[in-house]
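**Q** Questions regarding the structure given below will be posed in turn.
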Amino acid sequence: MTAKSTTLPTLSPEAGTTPSTTPSTTPRTTPAAAPGSSVARGGARPAPRLYALDGLRLLAALSVAAYHYGGRDGEIAKAWGASPAVQFPSAHSWFAYGWAGVQAFFVISGFVICASGWGRSVQSFLASRAARLLPAYWAAVVLVAAVLALPGIAFARVSASEFLVNLTMLQMPLGADRVLGVCWTLWAEVRFYVLFALCVVLPGVTRRRVIWFCGGWTLAATLAEASREPFLQLVLMPEYASLFIGGIGLYLVHRDRRDTAAWLIVGFSLLLSQYHTVQDMWHAPNDAFFSYRPQLGIALAVVVGFVAVGAVALGFLDRVNWRWLTTAGALTYPFYLVHEHLGWPVVQALHQGLGLPSSLTLALTVALMLLLAWLLHHAVERPLQPRLRASLQGRRR
């Protein structure tokens, strides 16, 4: 439907924070792990749920929404009737950093996936991942395609054949147009899950094996980029690998803050992540571009994501234990899936149709997308996830 944005690397939809359930965002876990349980430490009884991680996932999703609604041009400019730079003359330069929510999602995903894989079989691990991602994804693809196919909706749509292939979540490698603009981040997540499952979960998760995986993937991804071999780059994802690996390192720090190897993994991953992000996001000052982001600003945005997840890993945010954050975390993935393309017609109807001011239109659009996410979570995810997980694990409910 739209080509991959050069400014948005997106949400891992991990949800969850426990190994028993499973991005973005986080382990029930994208932008996916489950939205909320606790992270168990190496076979010990589950630790208290990391509510702050749910809150970070929601903040990351909202920052991506700010980027899509007010930090870039494209179809959203058609919805506003003018460039977002005109709608938000002061805020648009801040909204233009909202893509960093995707980087944060990938870091969170590394944290959560490492947690969720500990002590599990590969079948259980992959079943939890599929159950976490697919129900809301299928519902979002059907809903977005249906809305954009309505008469009078003037935004891009896909063919029937491309709609059907989008249901497989494999449209990106096939080169088909996307129903969901953010689904390219899910493709990155899926590749990460498969790599982690084959290299770590299948032989059995141990600290040593996780460390070797992080080191091996870092080196292999760097060599893949240097080789410019498309297949190796597709599999090893040099542009995103360090973000996932940094999250894994932070989970090891969460288990033992005195783990020197874990700290080295985090440090190297941060240095590589800022470099890759600057290479992807920076451009020289040019009036023809929507916005200009200096290299230092881009690097700092990546650092903020690492520091935020690090604060959770080190327990600095343990007092942030408000139970409503569990609900917030649960809404993150469905919100992330639908907010961009369904936001277009909502913005157009509220701003151009009803004449509401830009700031009110933005607030109402976000609120409506969160309400839709709540409905998808309760009507689709809650009933279907456990059934799909049990079925894939060969159990009857």
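Every chain in the structure tokens has a letter given in the order shown (A, B, ...), and although residue numbers restart at 1 in each chain, ligands are simply numbered from 1 in the order shown.
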Mind checking which residues fall within 12 Å of Asp177 in chain A, counting only C-alpha atoms, ignoring those fewer than 3 positions away in the same chain, and posting them as a compact mmCIF listing (two decimals) with N, CA, C and O atoms, in the first residue's frame?

**A**
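around_6.txt, freshly written:
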```
# COMPACT_ATOMS: atom_id res chain seq x y z
N MET A 1 0.81 -1.18 0.00
CA MET A 1 0.00 0.00 0.00
C MET A 1 0.84 1.23 0.00
O MET A 1 0.68 2.14 -0.76
N THR A 2 1.83 1.26 0.83
CA THR A 2 2.78 2.35 0.83
C THR A 2 4.17 1.75 0.94
O THR A 2 4.37 0.72 1.54
N ALA A 3 5.14 2.44 0.39
CA ALA A 3 6.50 1.93 0.49
C ALA A 3 7.03 2.17 1.87
O ALA A 3 6.58 3.04 2.58
N LYS A 4 8.05 1.42 2.23
CA LYS A 4 8.62 1.58 3.57
C LYS A 4 9.15 2.98 3.72
O LYS A 4 9.89 3.49 2.91
N ALA A 145 -8.56 -2.77 5.52
CA ALA A 145 -8.88 -2.96 4.10
C ALA A 145 -10.35 -2.63 3.82
O ALA A 145 -10.67 -2.02 2.79
N ALA A 156 -4.97 5.33 -0.29
CA ALA A 156 -4.47 4.17 -1.03
C ALA A 156 -5.09 2.88 -0.53
O ALA A 156 -5.32 2.71 0.66
N ARG A 157 -5.34 1.97 -1.44
CA ARG A 157 -5.88 0.66 -1.10
C ARG A 157 -5.14 -0.40 -1.89
O ARG A 157 -4.43 -0.09 -2.85
N VAL A 158 -5.30 -1.65 -1.52
CA VAL A 158 -4.60 -2.73 -2.19
C VAL A 158 -5.58 -3.57 -2.99
O VAL A 158 -6.80 -3.50 -2.79
N SER A 159 -5.05 -4.38 -3.90
CA SER A 159 -5.89 -5.28 -4.67
C SER A 159 -6.35 -6.44 -3.79
O SER A 159 -5.83 -6.66 -2.70
N ALA A 160 -7.34 -7.18 -4.30
CA ALA A 160 -7.85 -8.33 -3.54
C ALA A 160 -6.76 -9.36 -3.33
O ALA A 160 -6.64 -9.95 -2.25
N SER A 161 -5.93 -9.60 -4.35
CA SER A 161 -4.85 -10.58 -4.22
C SER A 161 -3.85 -10.14 -3.16
O SER A 161 -3.39 -10.96 -2.34
N GLU A 162 -3.50 -8.87 -3.15
CA GLU A 162 -2.55 -8.38 -2.17
C GLU A 162 -3.14 -8.38 -0.76
O GLU A 162 -2.44 -8.64 0.22
N PHE A 163 -4.44 -8.11 -0.65
CA PHE A 163 -5.09 -8.22 0.65
C PHE A 163 -4.96 -9.63 1.21
O PHE A 163 -4.62 -9.82 2.38
N LEU A 164 -5.19 -10.63 0.36
CA LEU A 164 -5.13 -12.01 0.83
C LEU A 164 -3.71 -12.39 1.25
O LEU A 164 -3.53 -13.07 2.27
N VAL A 165 -2.72 -11.96 0.51
CA VAL A 165 -1.35 -12.33 0.89
C VAL A 165 -0.93 -11.59 2.15
O VAL A 165 -0.09 -12.08 2.91
N ASN A 166 -1.53 -10.43 2.42
CA ASN A 166 -1.23 -9.71 3.66
C ASN A 166 -1.64 -10.50 4.89
O ASN A 166 -1.08 -10.31 5.97
N MET A 169 1.27 -12.37 6.59
CA MET A 169 2.33 -11.57 7.19
C MET A 169 3.64 -11.70 6.41
O MET A 169 4.70 -11.34 6.91
N LEU A 170 3.58 -12.21 5.19
CA LEU A 170 4.76 -12.40 4.37
C LEU A 170 4.77 -11.47 3.16
O LEU A 170 5.51 -11.70 2.19
N GLN A 171 3.95 -10.43 3.18
CA GLN A 171 3.88 -9.52 2.04
C GLN A 171 5.18 -8.76 1.80
O GLN A 171 5.52 -8.42 0.66
N MET A 172 5.94 -8.49 2.87
CA MET A 172 7.17 -7.72 2.70
C MET A 172 8.20 -8.46 1.84
O MET A 172 8.68 -7.91 0.84
N PRO A 173 8.58 -9.70 2.16
CA PRO A 173 9.56 -10.37 1.30
C PRO A 173 9.04 -10.64 -0.10
O PRO A 173 9.83 -10.76 -1.04
N LEU A 174 7.71 -10.73 -0.27
CA LEU A 174 7.14 -10.97 -1.59
C LEU A 174 7.02 -9.69 -2.41
O LEU A 174 6.74 -9.75 -3.61
N LEU A 180 -1.35 -2.66 6.11
CA LEU A 180 -0.95 -1.90 7.30
C LEU A 180 0.44 -1.32 7.06
O LEU A 180 1.39 -2.07 6.84
N GLY A 181 0.56 0.00 7.15
CA GLY A 181 1.85 0.61 6.90
C GLY A 181 2.91 0.17 7.87
O GLY A 181 4.10 0.10 7.54
N VAL A 182 2.51 -0.17 9.10
CA VAL A 182 3.49 -0.51 10.14
C VAL A 182 3.92 -1.97 10.11
O VAL A 182 4.76 -2.38 10.90
N CYS A 183 3.38 -2.75 9.19
CA CYS A 183 3.64 -4.19 9.24
C CYS A 183 5.09 -4.53 8.92
O CYS A 183 5.54 -5.64 9.21
N TRP A 184 5.84 -3.60 8.36
CA TRP A 184 7.24 -3.91 8.07
C TRP A 184 8.01 -4.17 9.36
O TRP A 184 8.96 -4.94 9.38
```

**Q** Go through range 55-138 of chain A residue by residue and, counting only C-alpha atoms, keep those with an atom at most 8 Å from range 362-384 of chain A; for each kept residue give the shortest atom pair and its distance in Å to one decimal, ordered by chain and increasing number, as a Markdown table.

**A**
```
| residue | atom | partner | partner_atom | distance |
| --- | --- | --- | --- | --- |
| A:Ala65 | CA | A:Val366 | CA | 7.8 |
| A:Tyr69 | CA | A:Leu362 | CA | 7.4 |
| A:Ala131 | CA | A:Leu384 | CA | 7.8 |
| A:Arg132 | CA | A:Glu381 | CA | 7.9 |
| A:Pro135 | CA | A:Glu381 | CA | 6.0 |
| A:Ala136 | CA | A:Glu381 | CA | 6.0 |
```

**Q** I'd like to know which of A:Val179, A:Val107, A:Ala66, A:Val147 is closest to Val266 in chain A, using only C-alpha atoms.

**A**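 Closest candidate: A:Val107.
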
**Q** Where does DSSP see helix (DSSP H, G or I) in range 196-305 of chain A, if you list the residues as a PyMOL selection string?

**A** chain A and resi 196-201+207-227+230-236+241-255+260-281+295-305

**Q** Per residue of range 69-153 of chain A within 12 Å of range 278-286 of chain A, record the nearest atom pair and its distance in Å to one decimal, counting only C-alpha atoms, with rows in chain order and ascending residue number, as JSON lines.

**A**
```
{"residue": "A:Ala96", "atom": "CA", "partner": "A:Met281", "partner_atom": "CA", "distance": 10.6}
{"residue": "A:Tyr97", "atom": "CA", "partner": "A:Met281", "partner_atom": "CA", "distance": 9.8}
{"residue": "A:Gly98", "atom": "CA", "partner": "A:Met281", "partner_atom": "CA", "distance": 11.9}
{"residue": "A:Trp99", "atom": "CA", "partner": "A:Met281", "partner_atom": "CA", "distance": 9.4}
{"residue": "A:Ala100", "atom": "CA", "partner": "A:Met281", "partner_atom": "CA", "distance": 10.1}
{"residue": "A:Gln103", "atom": "CA", "partner": "A:Met281", "partner_atom": "CA", "distance": 11.9}
```

**Q** May I have the residues from that selection written out with C-alpha atoms, as a PDB file, in the first residue's frame?

**A**
```
ATOM      1  CA  ALA A  96       9.300  14.228  13.671  1.00  0.00           C
ATOM      2  CA  TYR A  97      11.275  12.302  16.311  1.00  0.00           C
ATOM      3  CA  GLY A  98       8.333  10.001  17.024  1.00  0.00           C
ATOM      4  CA  TRP A  99       9.855   7.270  14.837  1.00  0.00           C
ATOM      5  CA  ALA A 100      12.216   6.603  17.775  1.00  0.00           C
ATOM      6  CA  GLN A 103      13.651   1.675  18.108  1.00  0.00           C
TER       7      GLN A 103
END
```
